[in-house]
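K.L.:
My questions will all concern the structure given below.
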Protein chains: 2
Amino acid sequence: MPNHVPSGPNAGLIGAPGSRSRLVTPALVLDLDAFERNLAAMTAYAREKGIALRPHVKTHKSVEIARRQIAAGARGVSAATLGEAAVMVEGGIPGVLITSPVVPPAKVEALVALNARAAGLMVVVDHPDNLAALEAAARRAGTRLCVVIDVDVGLKRTGVDSLQSALALAKAALASDALTLGGVQGYAGHLQHVADFAERKRRSIEALAPLATLRDQLRAWGVAEPIVSGGGTGTFDIDAEAGVLNELQVGSYVVMDVQYHDDVEAGRGGWRFTPSLFVAASVVSANHPGQVTIDAGHKCSATDGPLPRVTRGAPAGATYAFMGDEHGRLVFAASGHTLPLGAVVECFVPHCDPTVNLHDVYHCVRGDSLVDLWPIDARGRH
Amino acid sequence: MPNHVPSGPNAGLIGAPGSRSRLVTPALVLDLDAFERNLAAMTAYAREKGIALRPHVKTHKSVEIARRQIAAGARGVSAATLGEAAVMVEGGIPGVLITSPVVPPAKVEALVALNARAAGLMVVVDHPDNLAALEAAARRAGTRLCVVIDVDVGLKRTGVDSLQSALALAKAALASDALTLGGVQGYAGHLQHVADFAERKRRSIEALAPLATLRDQLRAWGVAEPIVSGGGTGTFDIDAEAGVLNELQVGSYVVMDVQYHDDVEAGRGGWRFTPSLFVAASVVSANHPGQVTIDAGHKCSATDGPLPRVTRGAPAGATYAFMGDEHGRLVFAASGHTLPLGAVVECFVPHCDPTVNLHDVYHCVRGDSLVDLWPIDARGRH
């Protein structure tokens, strides 16, 4: 993939002082100083704890960000879908782990084709039928595919539901000359947002315990360095201390959102990741006291979580409410507060992953100025 | 815009019997028989009542669908954003009305540039500052821009808040040699989903009354045939009877969604629009009794309304629950119900507009077969 050339209505603002407040909106804004701080913080933390990083691109869907994560020492990236994985491979990103089973026959074929030109590609598997389909396709393609056993650690979404099933899959993979066994995965998605830190810690340690047993058995069977992959922004510190996972699939930390910011950071011994992702919107109607209408609604911010939080450009205390697909309402906290037509405000995103997926480009800022545009390469690559 | 050439992982399935059940998923499915029934029903209704149609493309974002609406007799289309309008103009669609004020200076410039190559373009205005900006830009560009006075009929989103303000704007537009006055708009978005038909009717008639006064004044001032534009899928029949609006901005009717289906159709004298829009997803994990995991979550269906409703491919009574950004859970109604890995199921979309905006292509089906792929041209054109 060639490096991108910034285009679109905001390209002309790059480098202009104060341009952050003059963006053509709605626009997804990435604050690079905050982003880099988050990247550095997670990198330093993982290094200190001796755990590897395989950050999840389902959050940011950007080759540019994945490159920076790799440059900071990540051993690869995680991808939720085959489409995301393909975008990363085309972008030259090594070590892509696909964290959901790839099942439909057409996708299995596409996967083995991708595998032939990807360095270090891996895919999880949680069912013998799927393992057999992957093996047959890899054999037909004349490539060797690396699989990782996905273990359900309580989320009940994907993953085998018993140690016995996991061992049976592992044995089958080891017995195949078309497959390689990369290790195991267990993602405790149901625990990432448990608000109480002590409870989150207790339940996480309990949930991941079976992975240690599996890891030991894999070693006994001659798998030299099995990955034990999982974790997220809600539990990365617990996981790093617990000593079961040897790599973390953290995603949201690098941009953050209201959900993680409010739910899980309070108990975390003082330090926090920094909000770096915002939706910028403009005032398009101002005919009522106490409120204005801005040009960002359901189609600009995820609606599965909390509300977007006003962070910039509005009088203190202003709050956001959805006003349909294309609009939001800013409600002011005090009489006399107002904003003129055309004023640009920003809201911290409620839930980062599905918000990013609504946009085509990151408007990268430093301080008050737009400095670059990065494509959201895997937007819509379900 | 050239006609599209179908591509992507499902292009090879076009015309194959039974291909609807073999789609590579997740995929947005448009049932053409149901779609055409809805198109014909609204066309016939409007003709019978002597009211014009300017269907809203914010729902479907497709030039192909807009063409069919125009071919069925619509006098133009409505667009929520400048980006949508530009896509429609490039696609050769005449009579585009932009139904939200266009405010930021860069967008005003782009609007007058678009106007120079668009047949019958109109834009709403709700503030004297915006009117002045539009006029100045049109004058600089040497074009004449047609504006429509947006009147707030109770939604408190956009629109002038008094008859007096509306008349002042209308006068200013009439006095300008760079502007034309096209008429008035009033959209009662807050009433579209009022469940009780009698209440919806009473409040709609009350809300739209000021538009009649305005229309009469515009005629007295020499505007020959002012448009009086508004309405939606929830109130189109009330609006057509009430005799104030002379054109309807209906959007959702052509595809429908759970929201409209459940909220507003019950009291409507027996006839209903037909669900035509579905998200197809595949079973990717099946390790727990009573449930399977499918590959469609927050990134495939809108989350601002009700839940997606299982309509095809699953045992009777199965229900859908979101399971994160890329996954959903199908919960079966009876023990013994199950689905194999790879099975394709469909869910009727919860809220059509933001669901469409998550996808790049319509998978058009007739009966059991995929018959075409239509691009969602204005996806993401906020």
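By convention in this document, the chains of the structure tokens carry letters A, B, ... by their order, each chain's residues are numbered from 1, and ligands are numbered from 1 in the order they are shown.
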Using DSSP assignments from the backbone, pull out every residue in segment 313-376 of chain A that falls under strand (DSSP E or B) and give it to me as an NGL selection string.

P.N.:
:A and (319-322 or 328-331 or 344-348 or 361-366 or 369-375)

K.L.:
Could you give me, as a VMD selection string, the residues within 10 Å of Thr213 of chain B, counting only C-alpha atoms and dropping anything in the same chain fewer than 4 positions from it?

P.N.:
chain B and resid 163 208 to 209 217 to 218 244

K.L.:
For those residues, write C-alpha atoms to a file as a PDB file, in the first residue's frame.

P.N.:
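out.pdb was written with the following content:
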```
ATOM      1  CA  LEU B 163     -43.765  33.146  11.737  1.00  0.00           C
ATOM      2  CA  LEU B 208     -48.052  22.136  10.352  1.00  0.00           C
ATOM      3  CA  ALA B 209     -50.709  24.868  10.502  1.00  0.00           C
ATOM      4  CA  GLN B 217     -48.146  34.967   2.263  1.00  0.00           C
ATOM      5  CA  LEU B 218     -45.552  33.701  -0.214  1.00  0.00           C
ATOM      6  CA  VAL B 244     -50.780  21.797   4.004  1.00  0.00           C
TER       7      VAL B 244
END
```

K.L.:
As a ChimeraX atom specification, please: the residues near Leu330 of chain A (cut-off 9 Å, only C-alpha atoms, same-chain neighbours under 2 positions excluded).

P.N.:
/A:283,290-294,310,314,318-321,328,332

K.L.:
Please produce a file of those selected residues containing all heavy atoms, as a short mmCIF file (atom, residue, chain, number, x, y, z; two decimals), in the first residue's frame.

P.N.:
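Wrote it out as selection_20.cif, contents follow:
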```cif
data_model
loop_
_atom_site.label_atom_id
_atom_site.label_comp_id
_atom_site.auth_asym_id
_atom_site.auth_seq_id
_atom_site.Cartn_x
_atom_site.Cartn_y
_atom_site.Cartn_z
N VAL A 283 -21.86 24.19 14.69
CA VAL A 283 -23.20 24.71 14.97
C VAL A 283 -23.87 25.05 13.65
O VAL A 283 -23.34 25.84 12.86
CB VAL A 283 -23.13 25.94 15.88
CG1 VAL A 283 -24.54 26.53 16.11
CG2 VAL A 283 -22.48 25.59 17.21
N GLY A 290 -30.50 28.53 25.19
CA GLY A 290 -30.09 27.39 26.00
C GLY A 290 -29.59 26.19 25.21
O GLY A 290 -29.12 25.22 25.79
N GLN A 291 -29.65 26.25 23.89
CA GLN A 291 -29.21 25.10 23.09
C GLN A 291 -28.85 25.54 21.67
O GLN A 291 -29.32 26.56 21.19
CB GLN A 291 -30.31 24.05 23.01
CG GLN A 291 -31.53 24.54 22.20
CD GLN A 291 -32.45 23.40 21.81
OE1 GLN A 291 -33.17 22.88 22.64
NE2 GLN A 291 -32.43 23.00 20.54
N VAL A 292 -28.01 24.76 21.04
CA VAL A 292 -27.76 24.88 19.60
C VAL A 292 -27.75 23.49 19.00
O VAL A 292 -27.63 22.49 19.72
CB VAL A 292 -26.42 25.60 19.28
CG1 VAL A 292 -26.45 27.06 19.72
CG2 VAL A 292 -25.24 24.86 19.92
N THR A 293 -27.88 23.43 17.68
CA THR A 293 -27.85 22.15 16.98
C THR A 293 -26.53 22.03 16.22
O THR A 293 -26.11 22.97 15.54
CB THR A 293 -29.04 22.07 16.00
OG1 THR A 293 -30.24 22.15 16.76
CG2 THR A 293 -29.02 20.77 15.21
N ILE A 294 -25.86 20.87 16.36
CA ILE A 294 -24.60 20.64 15.65
C ILE A 294 -24.75 19.48 14.67
O ILE A 294 -25.68 18.69 14.76
CB ILE A 294 -23.42 20.39 16.63
CG1 ILE A 294 -23.68 19.15 17.52
CG2 ILE A 294 -23.21 21.61 17.51
CD1 ILE A 294 -22.50 18.81 18.43
N VAL A 310 -18.80 16.56 25.70
CA VAL A 310 -18.28 17.82 25.15
C VAL A 310 -16.95 18.17 25.81
O VAL A 310 -16.87 18.21 27.04
CB VAL A 310 -19.30 18.96 25.35
CG1 VAL A 310 -18.79 20.24 24.71
CG2 VAL A 310 -20.66 18.57 24.79
N ALA A 314 -16.94 24.71 23.56
CA ALA A 314 -18.25 25.09 24.09
C ALA A 314 -18.09 25.65 25.50
O ALA A 314 -17.12 25.33 26.20
CB ALA A 314 -19.19 23.89 24.11
N ALA A 318 -21.51 22.38 29.08
CA ALA A 318 -22.41 22.02 27.98
C ALA A 318 -22.45 20.51 27.82
O ALA A 318 -21.44 19.83 27.98
CB ALA A 318 -21.95 22.68 26.68
N THR A 319 -23.62 19.98 27.53
CA THR A 319 -23.77 18.54 27.33
C THR A 319 -24.35 18.26 25.95
O THR A 319 -24.96 19.12 25.32
CB THR A 319 -24.71 17.92 28.39
OG1 THR A 319 -25.97 18.62 28.34
CG2 THR A 319 -24.12 18.04 29.78
N TYR A 320 -24.10 17.02 25.49
CA TYR A 320 -24.54 16.60 24.16
C TYR A 320 -25.72 15.65 24.27
O TYR A 320 -25.75 14.79 25.14
CB TYR A 320 -23.38 15.89 23.46
CG TYR A 320 -23.75 15.29 22.11
CD1 TYR A 320 -23.50 15.99 20.93
CD2 TYR A 320 -24.34 14.02 22.02
CE1 TYR A 320 -23.85 15.46 19.69
CE2 TYR A 320 -24.69 13.48 20.79
CZ TYR A 320 -24.44 14.20 19.63
OH TYR A 320 -24.79 13.67 18.41
N ALA A 321 -26.67 15.79 23.35
CA ALA A 321 -27.75 14.79 23.21
C ALA A 321 -27.91 14.48 21.73
O ALA A 321 -27.79 15.38 20.89
CB ALA A 321 -29.06 15.33 23.79
N GLY A 328 -26.92 16.68 16.50
CA GLY A 328 -26.89 16.58 17.95
C GLY A 328 -27.29 17.91 18.54
O GLY A 328 -27.26 18.94 17.86
N PHE A 332 -26.73 24.04 27.00
CA PHE A 332 -25.82 24.85 27.81
C PHE A 332 -26.19 24.76 29.29
O PHE A 332 -27.33 24.52 29.65
CB PHE A 332 -25.84 26.31 27.33
CG PHE A 332 -25.35 26.44 25.92
CD1 PHE A 332 -26.19 26.91 24.92
CD2 PHE A 332 -24.05 26.08 25.58
CE1 PHE A 332 -25.74 27.03 23.61
CE2 PHE A 332 -23.60 26.19 24.27
CZ PHE A 332 -24.45 26.66 23.29
#
```

K.L.:
Measuring between only C-alpha atoms, which one of B:Tyr45, B:Phe278, B:Tyr362, B:Tyr253 shows the shortest distance to Gly234 of chain B?

P.N.:
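Selected residue with least distance to Gly234 of chain B: B:Tyr253.
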
K.L.:
Work out how far atom CA of Leu358 of chain A is from atom CA of Pro17 of chain A, in Å to one decimal.

P.N.:
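Distance reported for this atom pair: 27.4 Å.
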
K.L.:
Find the residues around Arg268 of chain A up to 12 Å (only C-alpha atoms counted), leave out those fewer than 3 positions away in its own chain, and share them as a list in words.

P.N.:
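Here the answer would be Ala195, Asp196, Phe197, Ala198, Arg200, Lys201, Thr233, Gly234, Thr235, Phe236, Asp237, Ile238, Tyr260, His261, Asp262, Asp263, Val264, Glu265, Trp271, Arg272 and Phe273 of chain A.
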
K.L.:
Going by DSSP on the backbone, which residues of segment 171-289 of chain B come out as alpha helix (DSSP H)? List them as a PyMOL selection string.

P.N.:
chain B and resi 171-175+197-220+236-242+258-263

K.L.:
Rank nothing, just name the residue among B:Arg140, B:Val102, B:Asp372, B:Asn287 nearest to Ala166 of chain A, using only C-alpha atoms.

P.N.:
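Looking at the shortest contact to Ala166 of chain A, the residue is B:Asn287.
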
K.L.:
Can you tell me, as a PyMOL selection string, what residues are no more than 8 Å from Arg203 of chain A when counting only C-alpha atoms, ignoring any on the same chain fewer than 4 positions away?

P.N.:
chain A and resi 191+199+207

K.L.:
Within 7 Å of segment 150-159 of chain A, counting only C-alpha atoms, which residues qualify if same-chain residues fewer than 3 places away don't, as a list in words?

P.N.:
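Near segment 150-159 of chain A, the qualifying residues are Val124, Val125, Asp126, Ala166, Val184, Gln185, Gly186, Tyr187, Ala188, Gly189, His190, Ala207 and Leu208 of chain A; Ser285 and Thr293 of chain B.
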
K.L.:
Would you mind telling me which residue in A:His127, A:His4, A:Arg117, A:Arg215 lies nearest to chain B when using only C-alpha atoms?

P.N.:
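Of all the options, A:His127 lies closest to chain B.
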
K.L.:
Nearest residue to Leu23 of chain B out of B:His382, B:Gly324, B:Val148, B:Asn10, using only C-alpha atoms?

P.N.:
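When distances to Leu23 of chain B are compared using only C-alpha atoms, the smallest one comes from B:Asn10.
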
K.L.:
Which residue out of A:Pro105, A:Gly232, A:Gly183, A:Pro94 has the minimum interatomic distance to chain B when only C-alpha atoms are used?

P.N.:
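Closest to chain B, using only C-alpha atoms: A:Pro105.
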
K.L.:
Between A:Thr25, A:Asn130, A:Thr81, A:Thr59, which residue has the minimum interatomic distance to His327 of chain A, considering only C-alpha atoms?

P.N.:
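Ranked by minimum distance to His327 of chain A, first place goes to A:Thr25.
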
K.L.:
Excluding Glu109 of chain B and any residue of its chain fewer than 3 positions from it, enumerate the residues within 9 Å of it, using only C-alpha atoms, and give them as a ChimeraX atom specification.

P.N.:
/B:104-106,112-114,134,137-138,141
